[in-house]
>>> print(open('model20.tsv').read())   # TSV, C-alpha atoms
chain	number	residue	atom	x	y	z
O	30	MET	CA	0.00	0.00	0.00
O	31	GLU	CA	2.87	2.37	0.73
O	32	SER	CA	4.46	1.60	-2.64
O	33	ARG	CA	1.19	2.42	-4.41
O	34	GLY	CA	1.06	5.72	-2.59
O	35	GLY	CA	4.65	6.46	-3.64
O	36	ASN	CA	3.85	5.73	-7.30
O	37	LEU	CA	0.87	8.08	-7.21
O	38	ASP	CA	3.01	10.83	-5.70
O	39	GLU	CA	5.55	10.46	-8.50
O	40	ARG	CA	2.84	10.70	-11.17
O	41	ILE	CA	1.35	13.79	-9.56
O	42	LYS	CA	4.79	15.47	-9.52
O	43	LYS	CA	5.24	14.75	-13.24
O	44	LEU	CA	1.82	16.16	-14.03
O	45	ASP	CA	2.66	19.30	-12.01
O	46	ALA	CA	5.76	19.77	-14.17
O	47	GLU	CA	3.66	19.39	-17.34
O	48	LEU	CA	1.13	21.94	-16.06
O	49	VAL	CA	3.92	24.46	-15.52
O	50	LYS	CA	5.03	24.00	-19.12
O	51	HIS	CA	1.46	24.37	-20.43
O	52	ARG	CA	0.97	27.54	-18.41
O	53	GLU	CA	4.11	29.06	-19.88
O	54	ALA	CA	3.02	28.10	-23.37
O	55	ILE	CA	-0.43	29.67	-22.87
O	56	LYS	CA	1.18	32.91	-21.72
O	57	LYS	CA	3.39	33.06	-24.82
O	58	LEU	CA	0.59	32.35	-27.32
O	59	ARG	CA	-1.74	35.00	-28.57
O	60	PRO	CA	-5.46	34.57	-28.18
O	61	GLY	CA	-6.69	32.26	-30.88
O	62	PRO	CA	-6.96	28.60	-31.87
O	63	ALA	CA	-3.40	27.79	-30.82
O	64	GLN	CA	-3.93	29.19	-27.34
O	65	GLU	CA	-7.25	27.39	-26.99
O	66	ALA	CA	-5.60	24.09	-27.96
O	67	ALA	CA	-2.92	24.67	-25.34
O	68	LYS	CA	-5.60	25.32	-22.73
O	69	GLN	CA	-7.38	22.05	-23.63
O	70	ARG	CA	-4.14	20.09	-23.20
O	71	ALA	CA	-3.60	21.75	-19.84
O	72	LEU	CA	-7.14	20.87	-18.76
O	73	ARG	CA	-6.62	17.18	-19.64
O	74	VAL	CA	-3.42	17.11	-17.56
O	75	LEU	CA	-5.22	18.87	-14.71
O	76	ARG	CA	-8.10	16.33	-14.78
O	77	GLN	CA	-5.58	13.48	-14.72
O	78	LYS	CA	-3.83	15.07	-11.76
O	79	LYS	CA	-7.13	15.43	-9.87
O	80	MET	CA	-7.87	11.75	-10.53
O	81	TYR	CA	-4.52	10.68	-9.13
O	82	GLU	CA	-4.97	12.97	-6.14
O	83	GLY	CA	-8.37	11.36	-5.45
O	84	GLN	CA	-6.88	7.88	-5.66
O	85	ARG	CA	-4.07	8.92	-3.33
O	86	GLY	CA	-6.57	10.33	-0.86
O	87	GLN	CA	-8.60	7.10	-0.88
O	88	LEU	CA	-5.43	5.08	-0.45
O	89	TYR	CA	-4.34	7.16	2.54
O	90	ASP	CA	-7.81	6.86	4.08
O	91	GLN	CA	-7.70	3.09	3.73
O	92	GLN	CA	-4.24	2.97	5.26
O	93	PHE	CA	-5.43	5.14	8.14
O	94	ASN	CA	-8.40	2.85	8.77
O	95	ILE	CA	-6.16	-0.21	8.78
O	96	GLU	CA	-3.83	1.43	11.27
O	97	GLN	CA	-6.77	2.39	13.46
O	98	VAL	CA	-8.05	-1.19	13.49
O	99	ALA	CA	-4.57	-2.51	14.35
O	100	PHE	CA	-4.28	0.05	17.14
O	101	ALA	CA	-7.68	-0.95	18.52
O	102	GLN	CA	-6.65	-4.60	18.51
O	103	GLU	CA	-3.43	-3.82	20.37
O	104	SER	CA	-5.35	-1.71	22.87
O	105	MET	CA	-7.85	-4.49	23.53
O	106	LYS	CA	-5.00	-6.96	24.05
O	107	ASP	CA	-3.25	-4.60	26.48
O	108	THR	CA	-6.52	-4.00	28.31
O	109	ALA	CA	-7.14	-7.74	28.67
O	110	ASP	CA	-3.62	-8.24	30.03
O	111	GLN	CA	-4.12	-5.38	32.47
O	112	VAL	CA	-7.43	-6.78	33.71
O	113	LYS	CA	-5.85	-10.20	34.16
O	114	ALA	CA	-2.96	-8.71	36.15
O	115	MET	CA	-5.33	-6.68	38.33
O	116	ARG	CA	-7.47	-9.74	39.01
O	117	GLY	CA	-4.41	-11.67	40.15
O	118	ALA	CA	-3.19	-8.77	42.30
O	119	THR	CA	-6.62	-8.44	43.92
O	120	ALA	CA	-6.69	-12.12	44.85
O	121	HIS	CA	-3.17	-11.88	46.26
O	122	LEU	CA	-4.03	-8.82	48.35
O	123	LYS	CA	-7.16	-10.48	49.72
O	124	GLN	CA	-5.11	-13.46	50.80
O	125	ALA	CA	-2.41	-11.25	52.31
O	126	PHE	CA	-4.86	-9.15	54.32
O	127	LYS	CA	-6.20	-12.31	55.97
O	128	SER	CA	-2.84	-12.73	57.70
O	129	LYS	CA	-2.69	-11.87	61.41
O	130	ASP	CA	0.46	-9.85	60.78
O	131	LEU	CA	-1.62	-7.24	58.94
O	132	ASP	CA	-4.20	-6.71	61.70
O	133	VAL	CA	-4.93	-2.98	61.76
O	134	ASP	CA	-5.54	-2.89	65.52
O	135	LYS	CA	-2.25	-4.66	66.22
O	136	ILE	CA	-0.39	-2.34	63.86
O	137	GLU	CA	-1.83	0.76	65.57
O	138	ALA	CA	-0.92	-0.67	68.99
O	139	MET	CA	2.60	-1.36	67.76
O	140	GLN	CA	2.88	2.21	66.46
O	141	ASP	CA	1.75	3.60	69.83
O	142	GLU	CA	4.24	1.42	71.66
O	143	MET	CA	7.01	2.50	69.30
O	144	ALA	CA	6.15	6.16	69.90
O	145	ASP	CA	6.34	5.64	73.68
O	146	LEU	CA	9.71	3.92	73.35
O	147	MET	CA	11.04	6.73	71.20
O	148	ASP	CA	9.87	9.30	73.78
O	149	MET	CA	11.61	7.32	76.54
O	150	ASN	CA	14.79	7.16	74.46
O	151	THR	CA	14.66	10.93	73.92
O	152	GLU	CA	14.30	11.55	77.66
O	153	ILE	CA	17.25	9.23	78.39
O	154	GLN	CA	19.43	10.96	75.79
O	155	GLU	CA	18.55	14.40	77.15
O	156	SER	CA	19.32	13.24	80.68
O	157	LEU	CA	22.69	11.81	79.64
O	158	ALA	CA	23.52	14.99	77.71
O	159	ARG	CA	22.87	17.22	80.74
O	160	GLN	CA	25.84	19.44	81.57
O	161	TYR	CA	27.17	19.80	85.09
O	162	ALA	CA	28.51	22.91	86.84
O	163	VAL	CA	27.09	25.19	84.16
O	164	PRO	CA	25.53	28.44	85.43
O	165	ASP	CA	21.81	28.59	84.88
O	166	ASP	CA	21.99	32.21	83.74
O	167	LEU	CA	24.51	31.45	80.96
O	168	ASP	CA	22.46	31.60	77.80
O	169	GLU	CA	23.54	31.33	74.19
O	170	GLU	CA	23.79	35.10	73.72
O	171	ASN	CA	26.19	35.48	76.67
O	172	LEU	CA	28.24	32.56	75.42
O	173	MET	CA	28.60	34.14	71.98
O	174	ASP	CA	29.65	37.46	73.58
O	175	GLU	CA	32.34	35.65	75.56
O	176	LEU	CA	33.61	33.89	72.44
O	177	ASP	CA	33.70	37.17	70.48
O	178	ALA	CA	35.65	38.88	73.25
O	179	LEU	CA	38.10	35.96	73.40
O	180	GLU	CA	38.59	36.11	69.63
O	181	GLU	CA	39.35	39.85	69.81
O	182	ASP	CA	41.89	39.29	72.60
O	183	LEU	CA	43.63	36.57	70.62
O	184	ALA	CA	43.78	38.76	67.52
O	185	ALA	CA	45.24	41.70	69.48
O	186	GLU	CA	47.82	39.51	71.20
O	187	ALA	CA	48.78	37.95	67.86
O	188	GLU	CA	49.46	41.41	66.40
O	189	THR	CA	51.60	42.55	69.38
O	190	GLY	CA	53.32	39.20	69.90
O	191	ALA	CA	52.42	39.20	73.58
O	192	VAL	CA	51.83	36.01	75.51
O	193	PRO	CA	48.11	35.43	76.06
O	194	SER	CA	46.96	36.29	79.54
O	195	TYR	CA	45.70	32.80	80.19
O	196	LEU	CA	49.18	31.42	79.38
O	197	GLN	CA	51.12	33.81	81.63
O	198	GLU	CA	52.45	32.48	84.93
O	199	ASP	CA	51.01	34.00	88.07
O	200	THR	CA	53.60	36.15	89.92
O	201	LEU	CA	53.55	36.18	93.72
O	202	PRO	CA	55.09	38.84	95.96
O	203	ASP	CA	58.57	38.12	97.21
O	204	VAL	CA	58.70	36.61	100.67
O	205	PRO	CA	61.50	38.01	102.83
O	206	ALA	CA	64.03	35.53	104.18
O	207	PRO	CA	63.61	34.53	107.78
O	208	GLY	CA	65.02	37.24	110.06
O	209	VAL	CA	65.69	39.72	107.22
O	210	THR	CA	63.49	42.50	105.87
O	211	ASN	CA	63.75	46.10	104.63
O	212	ASP	CA	63.76	49.06	106.93
O	213	PRO	CA	61.22	51.68	105.77
O	214	VAL	CA	63.69	54.45	106.77
O	215	ASN	CA	66.80	52.82	105.43
O	216	PRO	CA	65.78	50.13	102.91
O	217	GLU	CA	69.32	48.79	102.68
O	218	ALA	CA	69.72	48.23	106.44
O	219	PRO	CA	68.83	44.68	107.40
O	220	VAL	CA	66.54	44.23	110.37
O	221	ALA	CA	66.70	41.04	112.37
O	222	TYR	CA	63.57	39.14	113.27
O	223	PRO	CA	63.32	36.10	115.45
O	224	ALA	CA	63.98	32.97	113.44
O	225	ILE	CA	60.98	30.74	112.83
O	226	GLN	CA	61.39	27.40	114.51
O	227	THR	CA	60.41	24.33	112.52
O	228	ASP	CA	59.65	20.79	113.58
O	229	GLU	CA	61.26	17.60	112.37
O	230	TYR	CA	59.10	17.69	109.23
O	231	GLY	CA	60.18	21.23	108.34
O	232	LEU	CA	56.86	22.81	109.28
O	233	PRO	CA	56.71	26.02	111.35
O	234	MET	CA	56.07	25.44	115.04
O	235	ALA	CA	53.55	27.39	117.07
O	236	PRO	CA	55.15	29.92	119.39
O	237	GLN	CA	55.33	28.81	123.03
O	238	HIS	CA	54.23	31.25	125.70
>>> encode(input="model20.tsv", output="C-alpha coordinates")
Amino acid sequence: MESRGGNLDERIKKLDAELVKHREAIKKLRPGPAQEAAKQRALRVLRQKKMYEGQRGQLYDQQFNIEQVAFAQESMKDTADQVKAMRGATAHLKQAFKSKDLDVDKIEAMQDEMADLMDMNTEIQESLARQYAVPDDLDEENLMDELDALEEDLAAEAETGAVPSYLQEDTLPDVPAPGVTNDPVNPEAPVAYPAIQTDEYGLPMAPQH
(Lines of atoms letter the chains of each structure in order from A and count residues from 1; the text may use other names and numbers.)
(Lines give C-alpha, C1' and ligand atoms only; values in the text may rest on other atoms or scores of the structure.)
Protein backbone atom coordinates (compact mmCIF):
# COMPACT_ATOMS: atom_id res chain seq x y z
CA MET A 1 0.00 0.00 0.00
CA GLU A 2 2.87 2.37 0.73
CA SER A 3 4.46 1.60 -2.64
CA ARG A 4 1.19 2.42 -4.41
CA GLY A 5 1.06 5.72 -2.59
CA GLY A 6 4.65 6.46 -3.64
CA ASN A 7 3.85 5.73 -7.30
CA LEU A 8 0.87 8.08 -7.21
CA ASP A 9 3.01 10.83 -5.70
CA GLU A 10 5.55 10.46 -8.50
CA ARG A 11 2.84 10.70 -11.17
CA ILE A 12 1.35 13.79 -9.56
CA LYS A 13 4.79 15.47 -9.52
CA LYS A 14 5.24 14.75 -13.24
CA LEU A 15 1.82 16.16 -14.03
CA ASP A 16 2.66 19.30 -12.01
CA ALA A 17 5.76 19.77 -14.17
CA GLU A 18 3.66 19.39 -17.34
CA LEU A 19 1.13 21.94 -16.06
CA VAL A 20 3.92 24.46 -15.52
CA LYS A 21 5.03 24.00 -19.12
CA HIS A 22 1.46 24.37 -20.43
CA ARG A 23 0.97 27.54 -18.41
CA GLU A 24 4.11 29.06 -19.88
CA ALA A 25 3.02 28.10 -23.37
CA ILE A 26 -0.43 29.67 -22.87
CA LYS A 27 1.18 32.91 -21.72
CA LYS A 28 3.39 33.06 -24.82
CA LEU A 29 0.59 32.35 -27.32
CA ARG A 30 -1.74 35.00 -28.57
CA PRO A 31 -5.46 34.57 -28.18
CA GLY A 32 -6.69 32.26 -30.88
CA PRO A 33 -6.96 28.60 -31.87
CA ALA A 34 -3.40 27.79 -30.82
CA GLN A 35 -3.93 29.19 -27.34
CA GLU A 36 -7.25 27.39 -26.99
CA ALA A 37 -5.60 24.09 -27.96
CA ALA A 38 -2.92 24.67 -25.34
CA LYS A 39 -5.60 25.32 -22.73
CA GLN A 40 -7.38 22.05 -23.63
CA ARG A 41 -4.14 20.09 -23.20
CA ALA A 42 -3.60 21.75 -19.84
CA LEU A 43 -7.14 20.87 -18.76
CA ARG A 44 -6.62 17.18 -19.64
CA VAL A 45 -3.42 17.11 -17.56
CA LEU A 46 -5.22 18.87 -14.71
CA ARG A 47 -8.10 16.33 -14.78
CA GLN A 48 -5.58 13.48 -14.72
CA LYS A 49 -3.83 15.07 -11.76
CA LYS A 50 -7.13 15.43 -9.87
CA MET A 51 -7.87 11.75 -10.53
CA TYR A 52 -4.52 10.68 -9.13
CA GLU A 53 -4.97 12.97 -6.14
CA GLY A 54 -8.37 11.36 -5.45
CA GLN A 55 -6.88 7.88 -5.66
CA ARG A 56 -4.07 8.92 -3.33
CA GLY A 57 -6.57 10.33 -0.86
CA GLN A 58 -8.60 7.10 -0.88
CA LEU A 59 -5.43 5.08 -0.45
CA TYR A 60 -4.34 7.16 2.54
CA ASP A 61 -7.81 6.86 4.08
CA GLN A 62 -7.70 3.09 3.73
CA GLN A 63 -4.24 2.97 5.26
CA PHE A 64 -5.43 5.14 8.14
CA ASN A 65 -8.40 2.85 8.77
CA ILE A 66 -6.16 -0.21 8.78
CA GLU A 67 -3.83 1.43 11.27
CA GLN A 68 -6.77 2.39 13.46
CA VAL A 69 -8.05 -1.19 13.49
CA ALA A 70 -4.57 -2.51 14.35
CA PHE A 71 -4.28 0.05 17.14
CA ALA A 72 -7.68 -0.95 18.52
CA GLN A 73 -6.65 -4.60 18.51
CA GLU A 74 -3.43 -3.82 20.37
CA SER A 75 -5.35 -1.71 22.87
CA MET A 76 -7.85 -4.49 23.53
CA LYS A 77 -5.00 -6.96 24.05
CA ASP A 78 -3.25 -4.60 26.48
CA THR A 79 -6.52 -4.00 28.31
CA ALA A 80 -7.14 -7.74 28.67
CA ASP A 81 -3.62 -8.24 30.03
CA GLN A 82 -4.12 -5.38 32.47
CA VAL A 83 -7.43 -6.78 33.71
CA LYS A 84 -5.85 -10.20 34.16
CA ALA A 85 -2.96 -8.71 36.15
CA MET A 86 -5.33 -6.68 38.33
CA ARG A 87 -7.47 -9.74 39.01
CA GLY A 88 -4.41 -11.67 40.15
CA ALA A 89 -3.19 -8.77 42.30
CA THR A 90 -6.62 -8.44 43.92
CA ALA A 91 -6.69 -12.12 44.85
CA HIS A 92 -3.17 -11.88 46.26
CA LEU A 93 -4.03 -8.82 48.35
CA LYS A 94 -7.16 -10.48 49.72
CA GLN A 95 -5.11 -13.46 50.80
CA ALA A 96 -2.41 -11.25 52.31
CA PHE A 97 -4.86 -9.15 54.32
CA LYS A 98 -6.20 -12.31 55.97
CA SER A 99 -2.84 -12.73 57.70
CA LYS A 100 -2.69 -11.87 61.41
CA ASP A 101 0.46 -9.85 60.78
CA LEU A 102 -1.62 -7.24 58.94
CA ASP A 103 -4.20 -6.71 61.70
CA VAL A 104 -4.93 -2.98 61.76
CA ASP A 105 -5.54 -2.89 65.52
CA LYS A 106 -2.25 -4.66 66.22
CA ILE A 107 -0.39 -2.34 63.86
CA GLU A 108 -1.83 0.76 65.57
CA ALA A 109 -0.92 -0.67 68.99
CA MET A 110 2.60 -1.36 67.76
CA GLN A 111 2.88 2.21 66.46
CA ASP A 112 1.75 3.60 69.83
CA GLU A 113 4.24 1.42 71.66
CA MET A 114 7.01 2.50 69.30
CA ALA A 115 6.15 6.16 69.90
CA ASP A 116 6.34 5.64 73.68
CA LEU A 117 9.71 3.92 73.35
CA MET A 118 11.04 6.73 71.20
CA ASP A 119 9.87 9.30 73.78
CA MET A 120 11.61 7.32 76.54
CA ASN A 121 14.79 7.16 74.46
CA THR A 122 14.66 10.93 73.92
CA GLU A 123 14.30 11.55 77.66
CA ILE A 124 17.25 9.23 78.39
CA GLN A 125 19.43 10.96 75.79
CA GLU A 126 18.55 14.40 77.15
CA SER A 127 19.32 13.24 80.68
CA LEU A 128 22.69 11.81 79.64
CA ALA A 129 23.52 14.99 77.71
CA ARG A 130 22.87 17.22 80.74
CA GLN A 131 25.84 19.44 81.57
CA TYR A 132 27.17 19.80 85.09
CA ALA A 133 28.51 22.91 86.84
CA VAL A 134 27.09 25.19 84.16
CA PRO A 135 25.53 28.44 85.43
CA ASP A 136 21.81 28.59 84.88
CA ASP A 137 21.99 32.21 83.74
CA LEU A 138 24.51 31.45 80.96
CA ASP A 139 22.46 31.60 77.80
CA GLU A 140 23.54 31.33 74.19
CA GLU A 141 23.79 35.10 73.72
CA ASN A 142 26.19 35.48 76.67
CA LEU A 143 28.24 32.56 75.42
CA MET A 144 28.60 34.14 71.98
CA ASP A 145 29.65 37.46 73.58
CA GLU A 146 32.34 35.65 75.56
CA LEU A 147 33.61 33.89 72.44
CA ASP A 148 33.70 37.17 70.48
CA ALA A 149 35.65 38.88 73.25
CA LEU A 150 38.10 35.96 73.40
CA GLU A 151 38.59 36.11 69.63
CA GLU A 152 39.35 39.85 69.81
CA ASP A 153 41.89 39.29 72.60
CA LEU A 154 43.63 36.57 70.62
CA ALA A 155 43.78 38.76 67.52
CA ALA A 156 45.24 41.70 69.48
CA GLU A 157 47.82 39.51 71.20
CA ALA A 158 48.78 37.95 67.86
CA GLU A 159 49.46 41.41 66.40
CA THR A 160 51.60 42.55 69.38
CA GLY A 161 53.32 39.20 69.90
CA ALA A 162 52.42 39.20 73.58
CA VAL A 163 51.83 36.01 75.51
CA PRO A 164 48.11 35.43 76.06
CA SER A 165 46.96 36.29 79.54
CA TYR A 166 45.70 32.80 80.19
CA LEU A 167 49.18 31.42 79.38
CA GLN A 168 51.12 33.81 81.63
CA GLU A 169 52.45 32.48 84.93
CA ASP A 170 51.01 34.00 88.07
CA THR A 171 53.60 36.15 89.92
CA LEU A 172 53.55 36.18 93.72
CA PRO A 173 55.09 38.84 95.96
CA ASP A 174 58.57 38.12 97.21
CA VAL A 175 58.70 36.61 100.67
CA PRO A 176 61.50 38.01 102.83
CA ALA A 177 64.03 35.53 104.18
CA PRO A 178 63.61 34.53 107.78
CA GLY A 179 65.02 37.24 110.06
CA VAL A 180 65.69 39.72 107.22
CA THR A 181 63.49 42.50 105.87
CA ASN A 182 63.75 46.10 104.63
CA ASP A 183 63.76 49.06 106.93
CA PRO A 184 61.22 51.68 105.77
CA VAL A 185 63.69 54.45 106.77
CA ASN A 186 66.80 52.82 105.43
CA PRO A 187 65.78 50.13 102.91
CA GLU A 188 69.32 48.79 102.68
CA ALA A 189 69.72 48.23 106.44
CA PRO A 190 68.83 44.68 107.40
CA VAL A 191 66.54 44.23 110.37
CA ALA A 192 66.70 41.04 112.37
CA TYR A 193 63.57 39.14 113.27
CA PRO A 194 63.32 36.10 115.45
CA ALA A 195 63.98 32.97 113.44
CA ILE A 196 60.98 30.74 112.83
CA GLN A 197 61.39 27.40 114.51
CA THR A 198 60.41 24.33 112.52
CA ASP A 199 59.65 20.79 113.58
CA GLU A 200 61.26 17.60 112.37
CA TYR A 201 59.10 17.69 109.23
CA GLY A 202 60.18 21.23 108.34
CA LEU A 203 56.86 22.81 109.28
CA PRO A 204 56.71 26.02 111.35
CA MET A 205 56.07 25.44 115.04
CA ALA A 206 53.55 27.39 117.07
CA PRO A 207 55.15 29.92 119.39
CA GLN A 208 55.33 28.81 123.03
CA HIS A 209 54.23 31.25 125.70
>>> atom_distance(input="model20.tsv", atom1="atom CA of Ala101 of chain O", atom2="atom CA of Ser32 of chain O")
24.5 Å
>>> closest_residue(input="model20.tsv", among="O:Gln64, O:Ser104, O:Thr151, O:Gln92", to="Arg33 of chain O", atoms="all atoms listed in the file")
O:Gln92
>>> residues_around(input="model20.tsv", residues="Lys50 of chain O", least_positions_apart="3", cutoff="12 Å", atoms="only C-alpha atoms", output="list in words")
Lys43, Leu44, Asp45, Ala46, Glu47, Glu53, Ala54, Ile55, Lys56, Lys57, Ala67, Lys68, Arg70, Ala71 and Val74 of chain O
>>> atom_distance(input="model20.tsv", atom1="atom CA of Asn36 of chain O", atom2="atom CA of Lys79 of chain O")
14.9 Å
>>> residues_around(input="model20.tsv", residues="Lys78 of chain O", least_positions_apart="6", cutoff="10 Å", atoms="all atoms listed in the file", output="list in words")
Leu37, Arg40, Ile41, Lys42, Lys43, Leu44, Asp45, Leu48, Leu72 and Gln84 of chain O
>>> atom_distance(input="model20.tsv", atom1="atom CA of Tyr89 of chain O", atom2="atom CA of Glu39 of chain O")
15.2 Å
